[in-house]
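Asker: Sending over entry.tsv (TSV, C-alpha atoms).
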chain	number	residue	atom	x	y	z
Y	1	MET	CA	17.76	14.20	-2.73
Y	2	LYS	CA	14.20	15.42	-3.40
Y	3	THR	CA	11.56	17.27	-1.46
Y	4	LEU	CA	8.32	15.50	-0.63
Y	5	ASP	CA	6.56	17.52	-3.34
Y	6	GLU	CA	9.18	16.45	-5.90
Y	7	TRP	CA	8.77	12.79	-4.92
Y	8	LYS	CA	4.98	13.11	-5.14
Y	9	ARG	CA	5.15	14.70	-8.60
Y	10	TRP	CA	7.42	11.89	-9.79
Y	11	TYR	CA	5.11	9.24	-8.31
Y	12	GLU	CA	1.97	10.80	-9.76
Y	13	LYS	CA	3.57	11.04	-13.21
Y	14	GLU	CA	4.53	7.34	-13.10
Y	15	ALA	CA	1.55	5.89	-11.22
Y	16	GLU	CA	-1.51	7.69	-9.84
Y	17	PRO	CA	-2.53	10.49	-7.46
Y	18	ALA	CA	-0.80	10.05	-4.09
Y	19	ASP	CA	-3.99	10.31	-2.04
Y	20	PRO	CA	-3.56	8.22	1.12
Y	21	ILE	CA	-6.33	6.28	2.79
Y	22	GLU	CA	-8.03	7.94	5.73
Y	23	GLY	CA	-5.96	7.82	8.92
Y	24	ALA	CA	-2.69	7.01	7.14
Y	25	SER	CA	0.67	8.27	8.38
Y	26	LEU	CA	3.54	9.43	6.16
Y	27	TYR	CA	7.09	8.09	6.14
Y	28	PHE	CA	9.50	10.23	4.13
Y	29	GLU	CA	13.25	10.31	3.46
Y	30	PRO	CA	14.48	12.95	0.99
Y	31	GLU	CA	17.16	10.53	-0.27
Y	32	HIS	CA	14.88	7.57	-0.98
Y	33	GLY	CA	11.22	8.58	-1.19
Y	34	PHE	CA	8.02	8.11	0.75
Y	35	PHE	CA	5.12	5.86	1.55
Y	36	TYR	CA	1.92	6.15	3.50
Y	37	TYR	CA	0.99	3.48	6.00
Y	38	LYS	CA	-1.82	2.60	8.33
Y	39	ILE	CA	-1.72	0.22	11.28
Y	40	PHE	CA	-4.69	-2.11	11.70
Y	41	PRO	CA	-4.28	-3.38	15.29
Y	42	ASP	CA	-7.33	-5.65	15.12
Y	43	ILE	CA	-5.60	-7.84	12.50
Y	44	HIS	CA	-1.99	-7.05	13.59
Y	45	ALA	CA	-1.17	-5.75	10.12
Y	46	MET	CA	0.23	-2.64	8.50
Y	47	TYR	CA	-1.05	-1.50	5.11
Y	48	VAL	CA	1.45	0.34	2.90
Y	49	ASP	CA	-0.04	2.82	0.43
Y	50	HIS	CA	1.54	4.87	-2.40
Y	51	PHE	CA	5.15	3.72	-2.25
Y	52	ALA	CA	7.56	5.97	-4.20
Y	53	THR	CA	11.26	5.23	-4.09
Y	54	ASP	CA	14.50	4.89	-5.99
Y	55	ASN	CA	15.44	1.91	-3.81
Y	56	TYR	CA	12.58	-0.50	-3.08
Y	57	GLN	CA	14.52	-2.86	-0.80
Y	58	TYR	CA	15.90	-0.03	1.36
Y	59	LEU	CA	12.59	1.76	1.88
Y	60	PHE	CA	10.61	-1.44	2.39
Y	61	ARG	CA	13.03	-2.39	5.19
Y	62	ARG	CA	11.91	0.83	6.87
Y	63	ALA	CA	8.27	-0.21	6.42
Y	64	ARG	CA	9.01	-3.57	8.08
Y	65	GLU	CA	10.71	-1.79	11.00
Y	66	ILE	CA	7.64	0.42	11.55
Y	67	ALA	CA	5.35	-2.60	11.37
Y	68	ARG	CA	7.40	-4.62	13.86
Y	69	ALA	CA	7.62	-1.67	16.27
Y	70	ALA	CA	3.81	-1.39	16.13
Y	71	GLY	CA	3.40	-5.10	16.94
Y	72	CYS	CA	2.25	-6.07	13.45
Y	73	GLY	CA	2.87	-9.56	12.13
Y	74	GLU	CA	2.11	-8.72	8.50
Y	75	VAL	CA	2.66	-6.01	5.93
Y	76	ILE	CA	0.02	-5.70	3.22
Y	77	THR	CA	0.68	-3.85	-0.03
Y	78	GLN	CA	-1.22	-3.41	-3.28
Y	79	THR	CA	0.04	-2.74	-6.79
Y	80	PHE	CA	-1.40	-2.37	-10.26
Y	81	HIS	CA	1.91	-3.52	-11.75
Y	82	LEU	CA	2.47	-7.08	-12.97
Y	83	ALA	CA	1.87	-9.46	-10.08
Y	84	LYS	CA	4.68	-11.84	-11.03
Y	85	ALA	CA	7.28	-9.06	-11.15
Y	86	TYR	CA	6.11	-7.58	-7.84
Y	87	ALA	CA	6.20	-10.99	-6.17
Y	88	ARG	CA	9.81	-11.48	-7.27
Y	89	LEU	CA	10.77	-8.03	-6.01
Y	90	SER	CA	8.92	-8.15	-2.70
Y	91	LYS	CA	9.12	-11.88	-1.82
Y	92	ALA	CA	5.56	-11.49	-0.48
Y	93	HIS	CA	2.61	-13.78	-1.18
Y	94	LEU	CA	-0.21	-12.86	-3.54
Y	95	ASP	CA	-3.30	-12.20	-1.44
Y	96	LEU	CA	-6.42	-12.53	-3.57
Y	97	GLY	CA	-8.64	-11.77	-0.57
Y	98	HIS	CA	-7.37	-8.20	-0.45
Y	99	SER	CA	-6.97	-7.75	-4.23
Y	100	THR	CA	-9.62	-5.47	-5.70
Y	101	ARG	CA	-10.60	-3.05	-8.43
Y	102	GLY	CA	-9.98	0.54	-7.36
Y	103	ALA	CA	-12.28	3.52	-7.80
Y	104	ASN	CA	-10.10	4.47	-10.80
Y	105	GLY	CA	-11.03	1.20	-12.54
Y	106	LYS	CA	-7.55	-0.36	-12.21
Y	107	TRP	CA	-7.06	-3.84	-10.75
Y	108	TYR	CA	-4.87	-3.86	-7.64
Y	109	TRP	CA	-3.04	-7.03	-6.69
Y	110	ALA	CA	-2.59	-7.35	-2.94
Y	111	PHE	CA	0.46	-8.95	-1.36
Y	112	THR	CA	1.00	-9.99	2.24
Y	113	GLU	CA	4.38	-10.47	3.84
Y	114	VAL	CA	4.52	-12.33	7.13
Y	115	LEU	CA	7.15	-10.66	9.31
Y	116	ASN	CA	9.73	-12.53	11.38
Y	117	ASN	CA	9.30	-15.61	9.23
Y	118	VAL	CA	11.68	-15.25	6.31
Y	119	GLU	CA	11.16	-18.79	5.05
Y	120	SER	CA	7.38	-18.34	4.71
Y	121	ASN	CA	7.94	-15.38	2.37
Y	122	ARG	CA	10.06	-17.22	-0.16
Y	123	PRO	CA	8.48	-18.68	-3.28
What is this file in structure tokens?
Answerer:
Amino acid sequence: MKTLDEWKRWYEKEAEPADPIEGASLYFEPEHGFFYYKIFPDIHAMYVDHFATDNYQYLFRRAREIARAAGCGEVITQTFHLAKAYARLSKAHLDLGHSTRGANGKWYWAFTEVLNNVESNRP
């Protein structure tokens, strides 16, 4: 169990500053970590930002629950880690339209998971 500050320090040591996008909300569980998220109602999607956890599958289930409760049909994430490894872990589709180079100069691969359609998210 860690405090939010402890989780943030761990994340920032391993990844980058945990500065959420404007208007983002925080989800936090001391046992499993945190992520920031923002609902985009115009495209029925939730964007997940700065995801720090010791159990990806567990915490991402929570992200899906939030997205479904908000009426979103998709969850969009970005990572600077290897795209192939992230695709295997997340079962989401690579989304080149949302992939971009960040202000820090790193390339961020975007992934979109369509909710309530398990078969469409399998490679």
Asker: Excluding Glu65 (chain Y) and residues on its chain fewer than 3 positions from it, collect all residues at most 12 Å away from it, counting only C-alpha atoms, and give them as a PDB file with C-alpha atoms, in the coordinates of the input.
Answerer:
ATOM      1  CA  TYR Y  27       7.090   8.090   6.140  1.00  0.00           C
ATOM      2  CA  MET Y  46       0.230  -2.640   8.500  1.00  0.00           C
ATOM      3  CA  TYR Y  58      15.900  -0.030   1.360  1.00  0.00           C
ATOM      4  CA  LEU Y  59      12.590   1.760   1.880  1.00  0.00           C
ATOM      5  CA  PHE Y  60      10.610  -1.440   2.390  1.00  0.00           C
ATOM      6  CA  ARG Y  61      13.030  -2.390   5.190  1.00  0.00           C
ATOM      7  CA  ARG Y  62      11.910   0.830   6.870  1.00  0.00           C
ATOM      8  CA  ARG Y  68       7.400  -4.620  13.860  1.00  0.00           C
ATOM      9  CA  ALA Y  69       7.620  -1.670  16.270  1.00  0.00           C
ATOM     10  CA  ALA Y  70       3.810  -1.390  16.130  1.00  0.00           C
ATOM     11  CA  GLY Y  71       3.400  -5.100  16.940  1.00  0.00           C
ATOM     12  CA  CYS Y  72       2.250  -6.070  13.450  1.00  0.00           C
ATOM     13  CA  GLY Y  73       2.870  -9.560  12.130  1.00  0.00           C
ATOM     14  CA  GLU Y  74       2.110  -8.720   8.500  1.00  0.00           C
ATOM     15  CA  VAL Y  75       2.660  -6.010   5.930  1.00  0.00           C
ATOM     16  CA  LEU Y 115       7.150 -10.660   9.310  1.00  0.00           C
ATOM     17  CA  ASN Y 116       9.730 -12.530  11.380  1.00  0.00           C
TER      18      ASN Y 116
END
Asker: Of the candidates Y:Ala87, Y:Ala15, Y:Ala67, Y:Met1, which shows the shortest atom-to-atom distance to Phe51 (chain Y), using only C-alpha atoms?
Answerer: Y:Ala15
Asker: Taking 3 positions as the minimum chain separation for residues in the same chain, which residues sit within 12 Å of Ile21 (chain Y) when counting only C-alpha atoms? Answer as a count of residues only.
Answerer: 14
Asker: Just how far from CA of Ser90 (chain Y) is CA of Tyr56 (chain Y), in Å to one decimal?
Answerer: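 CA of Ser90 (chain Y) lies at a distance of 8.5 Å from CA of Tyr56 (chain Y).
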Asker: Write out as a list in words which residues come within 12 Å of Leu96 (chain Y) when counting all atoms listed in the file, dropping same-chain ones fewer than 2 positions away.
Answerer: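 Everything that qualifies: Ile76, Thr77, Gln78, Ala83, His93, Leu94, His98, Ser99, Thr100, Arg101, Trp107, Tyr108, Trp109, Ala110, Phe111 and Thr112 of chain Y.
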Asker: Smallest atom-to-atom distance to Asn104 (chain Y): which of Y:Asp42, Y:Ala85, Y:Glu16, Y:Glu31, using all atoms listed in the file?
Answerer: Y:Glu16
